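Structure file structure24.txt; described as compact mmCIF, C-alpha atoms.
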# COMPACT_ATOMS: atom_id res chain seq x y z
CA MET A 247 124.63 44.76 116.27
CA THR A 248 121.98 43.97 118.80
CA GLU A 249 119.75 40.98 119.23
CA GLY A 250 117.45 40.73 116.22
CA SER A 251 119.43 43.21 114.17
CA VAL A 252 120.38 42.79 110.54
CA ARG A 253 123.21 40.33 109.90
CA PRO A 254 125.93 41.80 107.67
CA ALA A 255 125.25 39.05 105.14
CA ASP A 256 121.61 40.15 104.97
CA ASN A 257 122.27 43.88 104.79
CA PRO A 258 120.98 45.11 101.40
CA PHE A 259 123.99 47.44 101.21
CA ALA A 260 126.56 44.67 101.72
CA SER A 261 129.44 44.85 99.27
CA ARG A 262 128.26 41.70 97.50
CA ARG A 263 124.98 43.43 96.66
CA ILE A 264 126.67 46.68 95.67
CA ASP A 265 129.15 44.86 93.44
CA GLY A 266 126.21 43.18 91.73
CA LEU A 267 124.80 46.48 90.50
CA ASP A 268 125.09 47.09 86.78
CA PHE A 269 126.27 50.35 85.30
CA ARG A 270 123.23 52.25 84.14
CA LEU A 271 123.45 51.85 80.35
CA ASN A 272 120.92 50.13 78.13
CA ASP A 273 121.84 47.72 75.33
CA ARG A 274 121.94 50.44 72.72
CA GLU A 275 124.17 52.64 74.85
CA TRP A 276 126.57 49.76 75.51
CA LYS A 277 126.77 49.17 71.77
CA VAL A 278 127.49 52.84 71.12
CA LEU A 279 130.21 52.74 73.77
CA ILE A 280 131.87 49.69 72.26
CA ASP A 281 131.62 51.19 68.77
CA ASP A 282 133.27 54.36 70.11
CA LEU A 283 136.06 52.28 71.59
CA GLU A 284 136.67 50.57 68.25
CA ALA A 285 136.62 53.95 66.51
CA ARG A 286 139.41 55.06 68.88
CA GLY A 287 141.58 52.14 67.82
CA GLY A 288 140.63 50.06 70.83
CA ARG A 289 142.10 52.56 73.27
CA GLY A 290 140.00 54.43 75.79
CA ALA A 291 139.84 55.88 79.27
CA VAL A 292 136.90 55.96 81.65
CA ILE A 293 137.19 59.16 83.64
CA GLY A 294 135.51 60.08 86.88
CA THR A 295 135.89 60.96 90.52
CA HIS A 296 135.90 58.53 93.46
CA GLY A 297 132.72 56.51 93.66
CA SER A 298 131.36 57.62 90.31
CA GLY A 299 131.12 54.12 88.83
CA LYS A 300 134.31 53.78 86.80
CA THR A 301 135.04 50.27 88.00
CA THR A 302 131.42 49.21 87.52
CA LEU A 303 131.54 50.48 83.96
CA LEU A 304 134.81 48.64 83.35
CA GLU A 305 133.28 45.43 84.67
CA GLY A 306 130.33 45.90 82.36
CA LEU A 307 132.70 46.39 79.44
CA ALA A 308 134.69 43.29 80.39
CA CYS A 309 131.57 41.17 79.95
CA ARG A 310 130.88 42.63 76.55
CA LEU A 311 134.31 42.88 74.96
CA ALA A 312 135.78 40.06 72.93
CA GLY A 313 139.21 38.58 73.49
CA ASN A 314 141.15 37.30 76.45
CA VAL A 315 140.58 39.83 79.17
CA VAL A 316 143.51 40.75 81.41
CA TRP A 317 142.30 42.60 84.52
CA VAL A 318 144.63 44.76 86.57
CA ARG A 319 143.23 46.46 89.65
CA LEU A 320 145.20 49.22 91.29
CA ASN A 321 144.11 51.22 94.29
CA ALA A 322 145.50 53.71 96.74
CA GLU A 323 146.99 50.86 98.77
CA SER A 324 148.83 49.37 95.78
CA ASP A 325 152.41 49.25 96.92
CA ARG A 326 154.17 49.21 93.55
CA PRO A 327 151.53 49.84 90.90
CA ALA A 328 153.82 49.48 87.90
CA VAL A 329 155.16 46.15 89.12
CA THR A 330 151.61 44.95 89.71
CA VAL A 331 150.69 45.76 86.13
CA LEU A 332 153.81 44.21 84.64
CA GLU A 333 153.33 41.03 86.66
CA ALA A 334 149.78 40.78 85.37
CA LEU A 335 151.15 41.13 81.83
CA ASN A 336 153.62 38.30 82.23
CA ASN A 337 152.36 36.59 79.09
CA GLU A 338 152.81 37.89 75.58
CA ILE A 339 150.08 40.44 74.94
CA GLY A 340 148.73 40.37 71.40
CA PRO A 341 145.81 41.51 69.29
CA GLY A 342 143.60 38.90 70.92
CA HIS A 343 143.98 40.49 74.35
CA THR A 344 141.82 43.08 76.05
CA VAL A 345 143.69 44.76 78.89
CA LEU A 346 141.70 46.61 81.55
CA ILE A 347 143.61 48.71 84.08
CA ASP A 348 141.49 50.02 86.91
CA GLY A 349 143.11 52.94 88.72
CA ALA A 350 145.68 54.01 86.12
CA GLU A 351 146.16 57.34 87.90
CA GLN A 352 148.27 55.36 90.39
CA LEU A 353 150.96 54.97 87.74
CA ALA A 354 153.78 57.47 87.49
CA PRO A 355 154.37 58.93 84.00
CA TRP A 356 157.50 56.86 83.39
CA SER A 357 155.72 53.66 84.48
CA TRP A 358 152.77 54.44 82.25
CA TRP A 359 155.10 55.01 79.30
CA ARG A 360 156.79 51.64 79.88
CA ILE A 361 153.49 49.86 80.24
CA ARG A 362 152.09 51.42 77.10
CA ARG A 363 155.10 50.18 75.17
CA ARG A 364 154.53 46.75 76.59
CA LEU A 365 150.91 46.89 75.49
CA ARG A 366 151.54 48.10 71.95
CA ALA A 367 150.19 44.92 70.40
CA ALA A 368 147.12 44.60 72.62
CA GLY A 369 143.85 44.58 70.73
CA THR A 370 142.06 46.70 73.30
CA ILE A 371 143.17 48.76 76.30
CA VAL A 372 140.73 50.49 78.60
CA ILE A 373 141.82 52.29 81.75
CA THR A 374 140.03 54.14 84.49
CA SER A 375 141.47 57.33 85.84
CA HIS A 376 140.47 60.38 87.80
CA ARG A 377 141.84 62.68 85.15
CA PRO A 378 141.83 62.66 81.33
CA GLY A 379 144.97 62.54 79.26
CA ARG A 380 146.49 59.07 79.25
CA LEU A 381 144.21 57.57 76.63
CA PRO A 382 141.40 59.15 74.61
CA THR A 383 138.43 59.70 76.90
CA LEU A 384 135.84 57.06 76.17
CA TYR A 385 133.34 57.92 78.90
CA GLU A 386 133.04 60.43 81.71
CA CYS A 387 131.25 59.03 84.72
CA ALA A 388 129.07 61.49 86.53
CA THR A 389 126.66 61.08 89.40
CA ASP A 390 123.51 62.82 90.57
CA PRO A 391 120.93 62.26 93.30
CA GLU A 392 118.61 60.52 90.84
CA LEU A 393 121.24 57.88 90.16
CA LEU A 394 121.61 57.28 93.89
CA LYS A 395 117.84 56.93 94.26
CA ASP A 396 117.73 54.50 91.36
CA LEU A 397 120.46 52.31 92.85
CA VAL A 398 118.99 52.40 96.35
CA ALA A 399 115.58 51.50 94.92
CA GLU A 400 117.15 48.38 93.45
CA LEU A 401 118.91 47.41 96.68
CA ALA A 402 116.31 48.37 99.27
CA PRO A 403 113.18 50.07 97.90
CA GLU A 404 111.85 50.93 101.37
CA VAL A 405 114.86 53.12 102.05
CA VAL A 406 114.04 55.52 99.22
CA GLU A 407 111.00 56.69 101.15
CA THR A 408 112.60 56.93 104.57
CA VAL A 409 115.92 58.62 103.92
CA ASP A 410 116.74 62.00 102.43
CA LEU A 411 118.98 60.59 99.73
CA GLU A 412 119.57 63.97 98.14
CA ALA A 413 121.07 65.28 101.38
CA LEU A 414 123.17 62.14 101.69
CA PHE A 415 124.39 62.54 98.13
CA HIS A 416 125.54 66.11 98.71
CA ARG A 417 127.09 65.35 102.07
CA GLN A 418 129.15 62.56 100.48
CA GLN A 419 130.08 64.94 97.67
CA GLY A 420 128.53 62.77 94.98
CA ASN A 421 130.50 59.66 95.90
CA ILE A 422 127.91 56.95 95.35
CA ARG A 423 130.00 54.22 96.93
CA SER A 424 130.40 56.27 100.10
CA CYS A 425 126.66 56.90 100.14
CA LEU A 426 125.94 53.18 99.93
CA ARG A 427 128.49 52.42 102.65
CA GLU A 428 126.88 54.94 104.92
CA LEU A 429 123.51 53.38 104.24
CA TYR A 430 125.03 50.02 105.20
CA ASP A 431 125.97 51.46 108.60
CA ARG A 432 122.59 53.06 109.08
CA TYR A 433 120.75 49.92 108.10
CA ALA A 434 122.94 47.79 110.36
CA GLY A 435 122.75 50.16 113.28
CA THR A 436 119.02 50.32 113.76
CA GLY A 437 118.30 46.79 114.87
CA THR A 438 115.09 46.89 112.86
CA GLY A 439 116.27 47.10 109.30
CA LYS A 440 114.71 50.55 108.97
CA VAL A 441 117.07 53.35 108.13
CA PRO A 442 116.73 56.34 110.45
CA GLU A 443 116.81 59.95 109.42
CA PHE A 444 120.12 61.74 109.47
CA GLY A 445 121.38 62.72 112.86
CA SER A 446 119.97 59.82 114.79
CA ILE A 447 123.09 57.73 114.18
CA PRO A 448 126.54 59.36 114.19
CA SER A 449 127.82 59.56 110.66
CA ALA A 450 131.17 58.11 109.65
CA CYS A 451 132.71 61.52 109.15
CA PRO A 452 131.03 64.52 110.76
CA PRO A 453 130.45 67.14 108.07
CA THR A 454 131.39 69.97 110.43
CA SER A 455 135.09 69.11 110.56
CA GLY A 456 137.54 69.95 107.80
CA SER A 457 139.21 66.64 108.40
CA CYS A 458 138.57 63.92 110.91
CA TRP A 459 139.99 60.87 112.49
CA HIS A 460 138.25 57.80 111.22
CA PRO A 461 138.11 55.40 114.15
CA ARG A 462 138.04 52.22 112.10
CA ARG A 463 140.59 53.01 109.43
CA GLY A 464 142.75 55.02 111.77
CA GLN A 465 143.77 57.62 109.26
CA TYR A 466 143.02 61.15 108.26
CA ARG A 467 140.35 61.74 105.72
CA GLY A 468 140.35 65.06 103.99
CA PRO A 469 142.97 67.32 102.52
CA SER A 470 146.48 67.07 103.82
CA PRO A 471 149.94 68.10 102.62
CA ARG A 472 150.80 64.42 102.28
CA SER A 473 147.97 63.71 99.89
CA ARG A 474 148.94 66.70 97.80
CA SER A 475 152.50 65.46 97.47
CA ARG A 476 151.22 62.03 96.53
CA HIS A 477 149.35 63.64 93.65
CA ARG A 478 152.56 65.26 92.49
CA GLY A 479 154.26 61.87 92.53
CA HIS A 480 151.54 60.12 90.57
CA PRO A 481 149.84 62.61 88.30
CA MET B 35 116.37 19.72 84.39
CA ASN B 36 119.71 19.72 86.16
CA GLU B 37 119.75 18.46 89.72
CA LEU B 38 122.65 18.84 92.10
CA ARG B 39 122.18 17.77 95.68
CA ILE B 40 124.30 17.56 98.81
CA ASP B 41 123.13 15.08 101.43
CA VAL B 42 124.84 15.51 104.77
CA ASP B 43 124.65 12.46 107.01
CA GLY B 44 121.92 12.92 109.58
CA ASP B 45 120.75 16.07 107.76
CA ARG B 46 123.01 18.00 110.07
CA THR B 47 123.73 21.67 109.56
CA TRP B 48 125.51 22.32 112.88
CA PHE B 49 129.03 21.02 113.53
CA LEU B 50 131.43 21.54 116.35
CA PRO B 51 134.84 22.88 115.36
CA GLY B 52 137.10 19.90 114.70
CA GLU B 53 134.23 17.54 113.81
CA THR B 54 134.03 15.72 110.49
CA VAL B 55 131.32 16.46 107.92
CA THR B 56 130.29 13.36 106.01
CA GLY B 57 127.74 12.69 103.32
CA ARG B 58 127.38 12.38 99.58
CA ALA B 59 126.83 14.58 96.58
CA VAL B 60 124.42 13.53 93.85
CA TRP B 61 124.07 14.90 90.33
CA ARG B 62 121.59 14.33 87.50
CA LEU B 63 122.41 16.56 84.55
CA GLU B 64 121.02 17.07 81.07
CA ASP B 65 124.52 17.40 79.57
CA ASP B 66 127.76 15.63 80.36
CA ALA B 67 129.89 17.24 83.02
CA GLU B 68 133.64 16.96 82.58
CA SER B 69 134.06 17.03 86.32
CA VAL B 70 132.20 17.62 89.55
CA ASP B 71 133.81 19.36 92.51
CA LEU B 72 132.54 19.33 96.05
CA ARG B 73 134.15 21.60 98.60
CA VAL B 74 133.79 22.84 102.11
CA PHE B 75 134.72 26.46 102.63
CA TRP B 76 133.97 29.62 104.54
CA TYR B 77 133.41 33.10 103.23
CA THR B 78 132.71 36.51 104.62
CA SER B 79 130.07 38.96 103.51
CA GLY B 80 129.06 42.40 104.67
CA LYS B 81 130.88 45.68 104.39
CA GLY B 82 134.14 45.75 102.49
CA THR B 83 136.23 43.16 100.72
CA GLU B 84 135.07 39.57 100.99
CA ASP B 85 137.32 36.70 101.99
CA VAL B 86 136.97 33.06 101.08
CA ALA B 87 138.97 29.99 102.07
CA ILE B 88 138.46 26.50 100.67
CA ILE B 89 139.27 24.04 103.44
CA ASP B 90 138.89 20.73 101.63
CA SER B 91 137.46 19.33 98.42
CA VAL B 92 136.81 16.16 96.45
CA HIS B 93 136.77 15.86 92.70
CA ALA B 94 135.13 13.47 90.23
CA GLU B 95 136.62 13.30 86.71
CA ALA B 96 134.46 12.43 83.68
CA ALA B 97 131.40 12.94 85.84
CA GLY B 98 128.95 12.35 82.97
CA THR B 99 125.26 13.06 83.40
CA ALA B 100 124.67 11.24 86.68
CA GLY B 101 126.66 10.05 89.65
CA GLU B 102 127.41 10.21 93.33
CA LEU B 103 130.43 11.28 95.30
CA GLY B 104 130.97 10.53 98.96
CA PHE B 105 132.81 12.98 101.16
CA SER B 106 134.36 13.16 104.58
CA PHE B 107 135.74 16.56 105.52
CA PRO B 108 137.45 17.04 108.88
CA LEU B 109 136.76 20.61 109.95
CA PRO B 110 139.44 22.80 111.49
CA ASN B 111 139.06 24.32 114.93
CA GLY B 112 138.10 27.66 113.48
CA PRO B 113 137.03 30.16 112.43
CA TYR B 114 133.57 29.93 113.97
CA SER B 115 130.41 30.95 112.16
CA PHE B 116 129.67 34.44 113.40
CA SER B 117 128.08 37.79 112.68
CA GLY B 118 129.47 41.09 113.86
CA SER B 119 128.54 44.54 112.74
CA LEU B 120 130.81 44.52 109.68
CA ILE B 121 130.93 40.93 108.48
CA THR B 122 129.22 37.59 108.66
CA LEU B 123 131.42 34.51 108.36
CA THR B 124 129.51 31.64 106.81
CA TRP B 125 130.56 28.01 106.36
CA ALA B 126 129.18 26.13 103.38
CA LEU B 127 129.32 23.02 101.27
CA GLU B 128 129.14 23.58 97.54
CA ILE B 129 128.94 21.28 94.55
CA VAL B 130 129.96 22.56 91.11
CA ALA B 131 129.52 20.79 87.77
CA LEU B 132 132.09 21.91 85.19
CA PRO B 133 132.08 23.29 82.58
CA LEU B 134 128.35 23.80 82.98
CA GLY B 135 128.86 26.05 85.97
CA THR B 136 125.80 24.64 87.71
CA THR B 137 126.15 24.89 91.48
CA GLN B 138 124.30 24.04 94.63
CA ARG B 139 125.25 25.19 98.12
CA ILE B 140 124.15 24.54 101.64
CA ASP B 141 125.19 26.67 104.60
CA LEU B 142 126.53 25.13 107.80
CA ILE B 143 127.04 26.40 111.30
CA VAL B 144 130.50 25.63 112.65
CA ALA B 145 130.52 26.82 116.23
CA PRO B 146 130.24 25.56 119.80
CA THR B 147 126.56 26.54 119.75
CA PRO B 148 123.84 25.58 117.23
CA VAL B 149 123.48 29.18 116.07
CA GLU B 150 126.14 31.47 114.71
CA ILE B 151 127.93 33.57 117.28
CA ARG B 152 126.66 37.14 117.56
CA LEU B 153 129.63 39.21 118.56
CA ASP B 154 127.57 41.99 120.06
CA SER B 155 125.68 39.60 122.27
CA LEU B 156 129.02 39.07 124.00
CA GLY B 157 128.64 42.58 125.35
CA ARG B 158 129.72 45.93 124.03
CA PRO B 159 129.40 49.37 125.52
CA PRO B 160 126.58 51.38 123.94
CA PHE B 161 127.62 53.65 121.13
CA GLU B 162 127.47 57.22 122.35
CA GLU B 163 127.00 60.39 120.40
CA GLY B 164 130.33 62.20 120.33
CA ALA B 165 132.41 59.04 120.69
CA TRP B 166 134.09 59.87 117.39
CA THR B 167 137.26 61.83 117.93
CA THR B 168 137.57 64.96 115.86
CA VAL B 169 141.00 66.42 115.39
CA ASN B 170 141.85 69.80 113.99
CA PHE B 171 143.89 69.79 110.85
CA LYS B 172 146.75 72.25 110.72
CA PRO B 173 148.58 72.52 107.40
CA GLU B 174 152.33 72.58 107.73
Go ahead and express the file in the form of structure tokens.
Amino acid sequence: MTEGSVRPADNPFASRRIDGLDFRLNDREWKVLIDDLEARGGRGAVIGTHGSGKTTLLEGLACRLAGNVVWVRLNAESDRPAVTVLEALNNEIGPGHTVLIDGAEQLAPWSWWRIRRRLRAAGTIVITSHRPGRLPTLYECATDPELLKDLVAELAPEVVETVDLEALFHRQQGNIRSCLRELYDRYAGTGTGKVPEFGSIPSACPPTSGSCWHPRRGQYRGPSPRSRSRHRGHP
Amino acid sequence: MNELRIDVDGDRTWFLPGETVTGRAVWRLEDDAESVDLRVFWYTSGKGTEDVAIIDSVHAEAAGTAGELGFSFPLPNGPYSFSGSLITLTWALEIVALPLGTTQRIDLIVAPTPVEIRLDSLGRPPFEEGAWTTVNFKPE
């Protein structure tokens, strides 16, 4: 950040602003979704890849579903996902409870089986996962460049005109969250609040390399034998 | 119309670390509030997960529709108000009327200087193209 540059708190792509975005469904579509969930016996999975809006959709559902909502958030850094879930379910779960598990793909099959038994009486269970199979698929999140443009227009309309968002979308492989994080860096890095064209600021992960060292996180990004074995452990 | 107000003595918004913030909170509400909370806290915003820490608070039970609450909050020696490239750390006073959820907040600067500290103004080498280290991945 240089003198006169954008403060992180004022960056339109700050996480607070991104977290405030609503999933793109209108009232009628939300109603259809909730009706579908009821038709599936109150059990459903939101499926999608990284950064496709699963968590945002779950948050939107949480506001619209009745009952005492129990939120469990798992992520790649969750040390013992099953324990995290069971601790969150320390009270008796009954028909009046809505349980939302974000990141259910982190759970091993045996853990998922135990947790499902524990949740038998819950009125509603909705999970997010990268893959279908654990609960009936309620919604498949998908992204496209138009969605990115729509979201960016809400956060910072001027950026839509100055940045090739379609190229950004494809370079980030459709991961909307990654796109918005990159825009944060670009917006912060200019000192003027204007987002430069691609190439004028080094990107977080050069597209030319199959994998790269991320200087801030200090870890590999991209395919590795370790990540493949992790998938075997937590299908 | 609901009115929540925080009056800091001397209308100050800048405090040295370790100083004490004093003043009063005032509320005029259309409906009864069960309680009114006033707190001093800091929070971060920017890229990534946000942090928040409540440093001190005062509480008024059966707050009703109108009242006042004096406060005196000794500030710790840190963290300072600052902005870097990833986060801004902001100090604030906030009044909350429950269960109405009505809030009012004022931001403070807690630092040795009257403006928040800009980390990059402390000096950083310019970011150079190619400074990112690329490593070749070799599958085992």
Near chain A, which residues of chain B fall within 6 Å when you count only C-alpha atoms, and what do they look like as a compact mmCIF listing (two decimals) with C-alpha atoms, in the coordinates of the input?
# COMPACT_ATOMS: atom_id res chain seq x y z
CA SER B 79 130.07 38.96 103.51
CA GLY B 80 129.06 42.40 104.67
CA LYS B 81 130.88 45.68 104.39
CA GLY B 82 134.14 45.75 102.49
CA SER B 119 128.54 44.54 112.74
CA LEU B 120 130.81 44.52 109.68
CA ILE B 121 130.93 40.93 108.48
CA THR B 122 129.22 37.59 108.66
CA ASP B 154 127.57 41.99 120.06
CA THR B 168 137.57 64.96 115.86
CA VAL B 169 141.00 66.42 115.39
Quick check, in Å to one decimal: how far apart do CA of Leu401 (chain A) and CA of Leu429 (chain A) lie?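 CA of Leu429 (chain A) lies at a distance of 10.7 Å from CA of Leu401 (chain A).
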Long-range neighbours of region 297-301 of chain A as a ChimeraX atom specification, 10 Å cut-off, all atoms listed in the file, 3 positions minimum in chain: /A:265,268-270,291-294,304-307,319,346-349,373-376,385-390,418-426
In Å to one decimal, how far is CA of Arg39 (chain B) from CA of Gly112 (chain B)? 25.8 Å
For Asp85 (chain B), find every residue with an atom within 10 Å (counting only C-alpha atoms), except residues of its own chain fewer than 5 positions away, and show them as a PyMOL selection string. chain B and resi 76-79+123
Shell around region 148-151 of chain B at 8 Å using all atoms listed in the file, local window under 4 positions removed, as an MDAnalysis selection string: chainID B and resid 48:49 114:117 143:144
Create the file for the chosen residues now, containing C-alpha atoms and written as a short mmCIF file (atom, residue, chain, number, x, y, z; two decimals), in the frame of the given file.
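What follows is the written file selection-v7.cif:
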data_model
loop_
_atom_site.label_atom_id
_atom_site.label_comp_id
_atom_site.auth_asym_id
_atom_site.auth_seq_id
_atom_site.Cartn_x
_atom_site.Cartn_y
_atom_site.Cartn_z
CA TRP B 48 125.51 22.32 112.88
CA PHE B 49 129.03 21.02 113.53
CA TYR B 114 133.57 29.93 113.97
CA SER B 115 130.41 30.95 112.16
CA PHE B 116 129.67 34.44 113.40
CA SER B 117 128.08 37.79 112.68
CA ILE B 143 127.04 26.40 111.30
CA VAL B 144 130.50 25.63 112.65
#
At a cut-off of 10 Å, using only C-alpha atoms, what residues contact Leu271 (chain A)? Leave out same-chain residues fewer than 5 positions from it and give the result as a ChimeraX atom specification. /A:276-277,279,303,306
Any chance you could export the current selection's C-alpha atoms as a PDB file, keeping the file's coordinate frame?
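Okay, this is what ended up in again.pdb:
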ATOM      1  CA  TRP A 276     126.570  49.760  75.510  1.00  0.00           C
ATOM      2  CA  LYS A 277     126.770  49.170  71.770  1.00  0.00           C
ATOM      3  CA  LEU A 279     130.210  52.740  73.770  1.00  0.00           C
ATOM      4  CA  LEU A 303     131.540  50.480  83.960  1.00  0.00           C
ATOM      5  CA  GLY A 306     130.330  45.900  82.360  1.00  0.00           C
TER       6      GLY A 306
END
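Between CA of Gly369 (chain A) and CA of Ala350 (chain A) the separation is 18.1 Å.
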Nearest-residue call for His296 (chain A), choices A:Lys395, A:Ile339, A:Arg377, A:Thr330, using only C-alpha atoms: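 The shortest atom-to-atom distance to His296 (chain A) comes from A:Arg377.
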